[in-house]
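Okay, work20.cif now, which holds mmCIF, C-alpha atoms and all ligand atoms:
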data_start
loop_
_atom_site.label_atom_id
_atom_site.label_comp_id
_atom_site.auth_asym_id
_atom_site.auth_seq_id
_atom_site.Cartn_x
_atom_site.Cartn_y
_atom_site.Cartn_z
CA MET A 400 137.89 223.70 46.91
CA LEU A 401 137.93 224.83 50.53
CA GLY A 402 137.98 228.49 51.50
CA GLU A 403 136.98 231.24 53.83
CA LEU A 404 133.73 233.15 53.44
CA SER A 405 133.96 236.90 52.98
CA ARG A 406 132.31 239.23 55.50
CA LYS A 407 129.41 239.70 53.11
CA GLN A 408 128.99 235.94 52.60
CA ILE A 409 128.99 235.47 56.38
CA GLU A 410 126.27 238.12 56.78
CA ASP A 411 124.26 236.62 53.90
CA LEU A 412 124.37 233.11 55.38
CA LEU A 413 123.25 234.40 58.79
CA LEU A 414 120.44 236.40 57.13
CA THR A 415 119.09 233.68 54.87
CA ASN A 416 119.09 230.82 57.39
CA ILE A 417 116.42 230.41 60.04
CA VAL A 418 117.84 227.41 61.93
CA GLY A 419 121.05 227.65 63.91
CA ARG A 420 122.72 225.83 66.78
CA ILE A 421 123.55 227.40 70.09
CA GLY A 422 126.53 225.93 71.92
CA CYS A 423 126.62 226.73 75.62
CA HIS A 424 128.64 225.57 78.57
CA ALA A 425 127.74 225.62 82.26
CA PHE A 426 127.64 223.37 85.31
CA GLY A 427 130.50 221.30 83.84
CA ARG A 428 128.55 220.36 80.67
CA THR A 429 128.56 221.53 77.07
CA TYR A 430 125.19 221.61 75.26
CA VAL A 431 124.49 222.17 71.54
CA VAL A 432 120.85 222.83 70.76
CA PRO A 433 119.05 223.69 67.48
CA VAL A 434 116.83 226.77 67.41
CA THR A 435 115.04 228.93 64.89
CA TYR A 436 116.24 232.50 64.79
CA MET A 437 116.27 235.77 62.94
CA TYR A 438 119.40 237.82 62.39
CA ASP A 439 119.68 241.57 62.16
CA ALA A 440 122.77 243.75 62.22
CA GLY A 441 125.08 241.48 64.17
CA VAL A 442 122.41 240.20 66.54
CA VAL A 443 120.64 236.81 66.63
CA TYR A 444 117.06 236.89 67.96
CA GLY A 445 115.14 233.89 69.28
CA HIS A 446 112.58 232.66 71.75
CA GLY A 447 111.69 229.53 73.66
CA ARG A 448 110.43 227.94 76.85
CA LEU A 449 112.43 227.78 80.05
CA GLY A 450 114.57 224.66 80.04
CA MET A 451 118.14 223.47 80.02
CA LYS A 452 119.49 225.94 77.44
CA PHE A 453 118.16 228.98 79.29
CA HIS A 454 119.35 227.65 82.67
CA MET A 455 122.81 227.21 81.17
CA MET A 456 122.92 230.54 79.30
CA ARG A 457 121.72 232.39 82.41
CA ALA A 458 124.62 230.80 84.30
CA ASN A 459 127.12 231.51 81.51
CA PRO A 460 125.95 233.94 78.80
CA HIS A 461 129.03 233.44 76.60
CA VAL A 462 127.86 231.17 73.78
CA CYS A 463 128.80 229.87 70.37
CA PHE A 464 126.34 230.05 67.47
CA GLU A 465 126.56 227.99 64.27
CA VAL A 466 124.63 227.97 60.98
CA ASP A 467 125.28 226.06 57.78
CA MET A 468 123.81 225.20 54.45
CA MET A 469 124.65 222.20 52.32
CA ASP A 470 123.85 221.61 48.66
CA GLY A 471 126.02 218.51 48.40
CA PHE A 472 128.85 216.74 50.24
CA ALA A 473 131.38 219.00 48.54
CA ASP A 474 129.19 222.09 48.41
CA TRP A 475 128.48 223.78 51.72
CA GLN A 476 128.93 226.99 53.69
CA SER A 477 129.03 227.47 57.44
CA VAL A 478 129.43 230.26 59.95
CA ILE A 479 130.64 229.92 63.53
CA ALA A 480 130.25 232.91 65.80
CA TRP A 481 130.76 233.78 69.43
CA GLY A 482 128.54 236.13 71.35
CA VAL A 483 126.75 237.05 74.52
CA PHE A 484 123.23 235.92 75.42
CA SER A 485 120.72 238.18 77.13
CA GLU A 486 117.00 238.06 77.71
CA LEU A 487 114.74 240.76 76.34
CA HIS A 488 111.79 242.35 78.10
CA GLY A 489 109.19 245.01 77.42
CA ASP A 490 109.39 246.89 74.14
CA THR A 491 112.62 245.21 73.03
CA ALA A 492 110.99 241.77 73.46
CA VAL A 493 107.93 242.92 71.50
CA GLN A 494 110.16 244.23 68.70
CA ALA A 495 112.13 240.97 68.63
CA LEU A 496 108.94 238.87 68.47
CA ASP A 497 107.74 241.08 65.63
CA LEU A 498 111.00 240.50 63.76
CA LEU A 499 110.68 236.73 64.36
CA THR A 500 107.04 236.66 63.22
CA ARG A 501 107.68 238.67 60.06
CA GLY A 502 110.80 236.69 59.26
CA PHE A 503 109.15 233.30 59.69
CA GLU A 504 106.10 234.39 57.69
CA SER A 505 108.26 235.42 54.77
CA ARG A 506 110.34 232.22 54.83
CA VAL A 507 108.12 229.39 56.04
CA ALA A 508 105.08 228.53 53.93
CA GLY A 509 102.08 227.43 55.98
CA PRO A 510 98.45 226.72 55.09
CA PRO A 511 96.77 229.71 53.36
CA GLY A 512 95.70 232.33 55.87
CA GLU A 513 97.68 230.83 58.75
CA THR A 514 99.64 233.29 60.82
CA VAL A 515 103.09 232.11 61.81
CA HIS A 516 103.55 233.31 65.36
CA PRO A 517 106.78 232.21 67.00
CA SER A 518 105.21 231.80 70.43
CA ARG A 519 102.34 229.70 69.16
CA ASN A 520 103.49 226.39 70.62
CA VAL A 521 105.84 227.50 73.31
CA GLU A 522 104.04 229.59 75.94
CA PRO A 523 105.28 231.09 78.15
CA SER A 524 108.07 232.32 75.93
CA ILE A 525 111.44 233.75 76.79
CA VAL A 526 112.65 236.21 74.17
CA TYR A 527 116.40 236.64 73.86
CA HIS A 528 119.17 237.87 71.71
CA ILE A 529 122.79 236.93 71.18
CA GLU A 530 125.06 239.82 70.31
CA LEU A 531 127.70 238.33 68.04
CA GLN A 532 131.22 239.54 68.70
CA GLU A 533 133.32 237.33 66.45
CA LYS A 534 132.37 235.44 63.28
CA THR A 535 134.21 233.06 61.01
CA GLY A 536 133.01 231.45 57.80
CA ARG A 537 134.21 228.53 55.70
CA TYR A 538 133.01 226.87 52.51
CA GLU A 539 133.66 223.95 50.26
CA ARG A 540 132.77 224.14 46.57
CA ARG A 541 133.06 221.50 43.89
CA VAL A 542 135.47 222.67 41.17
C1 LIG B 601 114.81 222.83 63.57
C2 LIG B 601 114.53 223.09 65.03
C3 LIG B 601 114.13 224.36 65.43
C4 LIG B 601 113.88 224.62 66.77
N1 LIG B 601 113.56 225.90 67.16
C5 LIG B 601 113.43 226.18 68.48
C6 LIG B 601 113.25 227.51 68.93
O1 LIG B 601 113.18 228.46 68.17
N2 LIG B 601 113.15 227.72 70.26
C7 LIG B 601 113.23 226.70 71.16
O2 LIG B 601 113.14 226.95 72.37
N3 LIG B 601 113.40 225.44 70.77
C8 LIG B 601 113.51 225.16 69.45
N4 LIG B 601 113.71 223.87 69.03
C9 LIG B 601 113.70 222.80 70.03
C10 LIG B 601 115.04 222.79 70.74
O3 LIG B 601 116.02 222.14 69.96
C11 LIG B 601 114.94 222.07 72.09
O4 LIG B 601 114.46 220.76 71.90
C12 LIG B 601 113.98 222.79 73.01
O5 LIG B 601 114.19 224.19 72.99
C13 LIG B 601 114.16 222.32 74.43
O6 LIG B 601 115.46 222.67 74.82
P1 LIG B 601 115.81 222.78 76.36
O7 LIG B 601 117.24 223.10 76.47
O8 LIG B 601 114.84 223.70 77.03
O9 LIG B 601 115.56 221.29 76.79
P2 LIG B 601 114.78 220.70 78.03
O10 LIG B 601 113.31 220.68 77.72
O11 LIG B 601 115.21 221.36 79.28
O12 LIG B 601 115.27 219.21 77.97
C14 LIG B 601 116.63 218.91 78.15
C15 LIG B 601 116.90 217.48 77.78
O13 LIG B 601 116.30 217.19 76.52
C16 LIG B 601 117.29 216.91 75.54
N5 LIG B 601 116.95 217.68 74.34
C17 LIG B 601 116.48 218.95 74.28
N6 LIG B 601 116.31 219.34 73.02
C18 LIG B 601 116.70 218.31 72.25
C19 LIG B 601 116.74 218.11 70.85
N7 LIG B 601 116.40 219.11 69.98
N8 LIG B 601 117.18 216.93 70.38
C20 LIG B 601 117.55 215.95 71.24
N9 LIG B 601 117.52 216.07 72.58
C21 LIG B 601 117.10 217.24 73.09
C22 LIG B 601 118.59 217.38 76.14
O14 LIG B 601 119.70 216.69 75.67
C23 LIG B 601 118.36 217.19 77.62
O15 LIG B 601 118.61 215.86 77.99
C24 LIG B 601 113.98 223.57 67.71
C25 LIG B 601 114.37 222.31 67.30
C26 LIG B 601 114.65 222.07 65.98
C27 LIG B 601 115.10 220.68 65.57
#
As structure tokens, how would this structure be written, given the file I've shared?
Amino acid sequence: MLGELSRKQIEDLLLTNIVGRIGCHAFGRTYVVPVTYMYDAGVVYGHGRLGMKFHMMRANPHVCFEVDMMDGFADWQSVIAWGVFSELHGDTAVQALDLLTRGFESRVAGPPGETVHPSRNVEPSIVYHIELQEKTGRYERRV
């Protein structure tokens, strides 16, 4: 059975996932790139090193964001959203990194005692958010 996710199901899927795909378009190219993220109150938070995705999102901050989960070929949920990218600095960047660190620590199991810091392997880090403006959700469930 195919259907549309409710608003709550859309929020739940965004909250429980930690990997999403950013779709951006600039310089005549479209680019879809996987990233880890945290979601809070309509906003996607992430970080990363300067590269193609940031060059493109700086040129055109209007992006698409997708997450999905699949339990079987006929059992999945996905959310597609549109929003606006912006970089964070100062206190807002610190708060976003804190949200990312706490979120990853609670979801990703590492060796005992290891601290999961989102910037660990990607210095220097750009911290950003995507304010989602429109969201749609679909599902398929085996009946
Ligand atoms: C599950 C997962 C989680 C990730 N989380 C993050 C994150 O939180 N932050 C983050 O910055 N990055 C994350 N990455 C890595 C991310 O997908 C990019 O590889 C990385 O950010 C570099 O992207 P860029 O646009 O700066 O590429 P650049 O280093 O500028 O390189 C661009 C070139 O590399 C190719 N390329 C880049 N990334 C990929 C890729 N993933 N697969 C195939 N080809 C690629 C492009 O097609 C292009 O040709 C994650 C990847 C995965 C799979």
One-decimal distance in Å that lies between atom C5 of ligand LIG 601 (chain B) and atom CA of A:Phe464
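These atoms are spaced 13.5 Å apart.
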Select the residues contacting ligand LIG 601 (chain B) at a distance of at most 12 Å, based on only C-alpha atoms and all ligand atoms, then format the selection as a PyMOL selection string.
chain A and resi 416-424+428-437+443-457+466+496+499-500+503+516-528
Suppose you want the space between atom CA of A:Leu413 and atom CA of A:Ala508; what is it in Å?
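Answer for the atom CA of A:Leu413 to atom CA of A:Ala508 separation: 19.7 Å.
Restricting the calculation to all atoms listed in the file, the smallest distance between A:Tyr538 and any of A:Gly471, A:Pro460, A:Gly502, A:Gly489 is found for A:Gly471.
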Pick from A:Glu539, A:Glu410, A:Glu403, A:Asp497: nearest to A:Asp470, with only C-alpha atoms counted?
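Ranking A:Glu539, A:Glu410, A:Glu403, A:Asp497 by distance to A:Asp470, first place goes to A:Glu539.
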Give me, please, the distance in Å between atom CA of A:Lys534 and atom CA of A:Asp474, quoted to one decimal.
20.2 Å
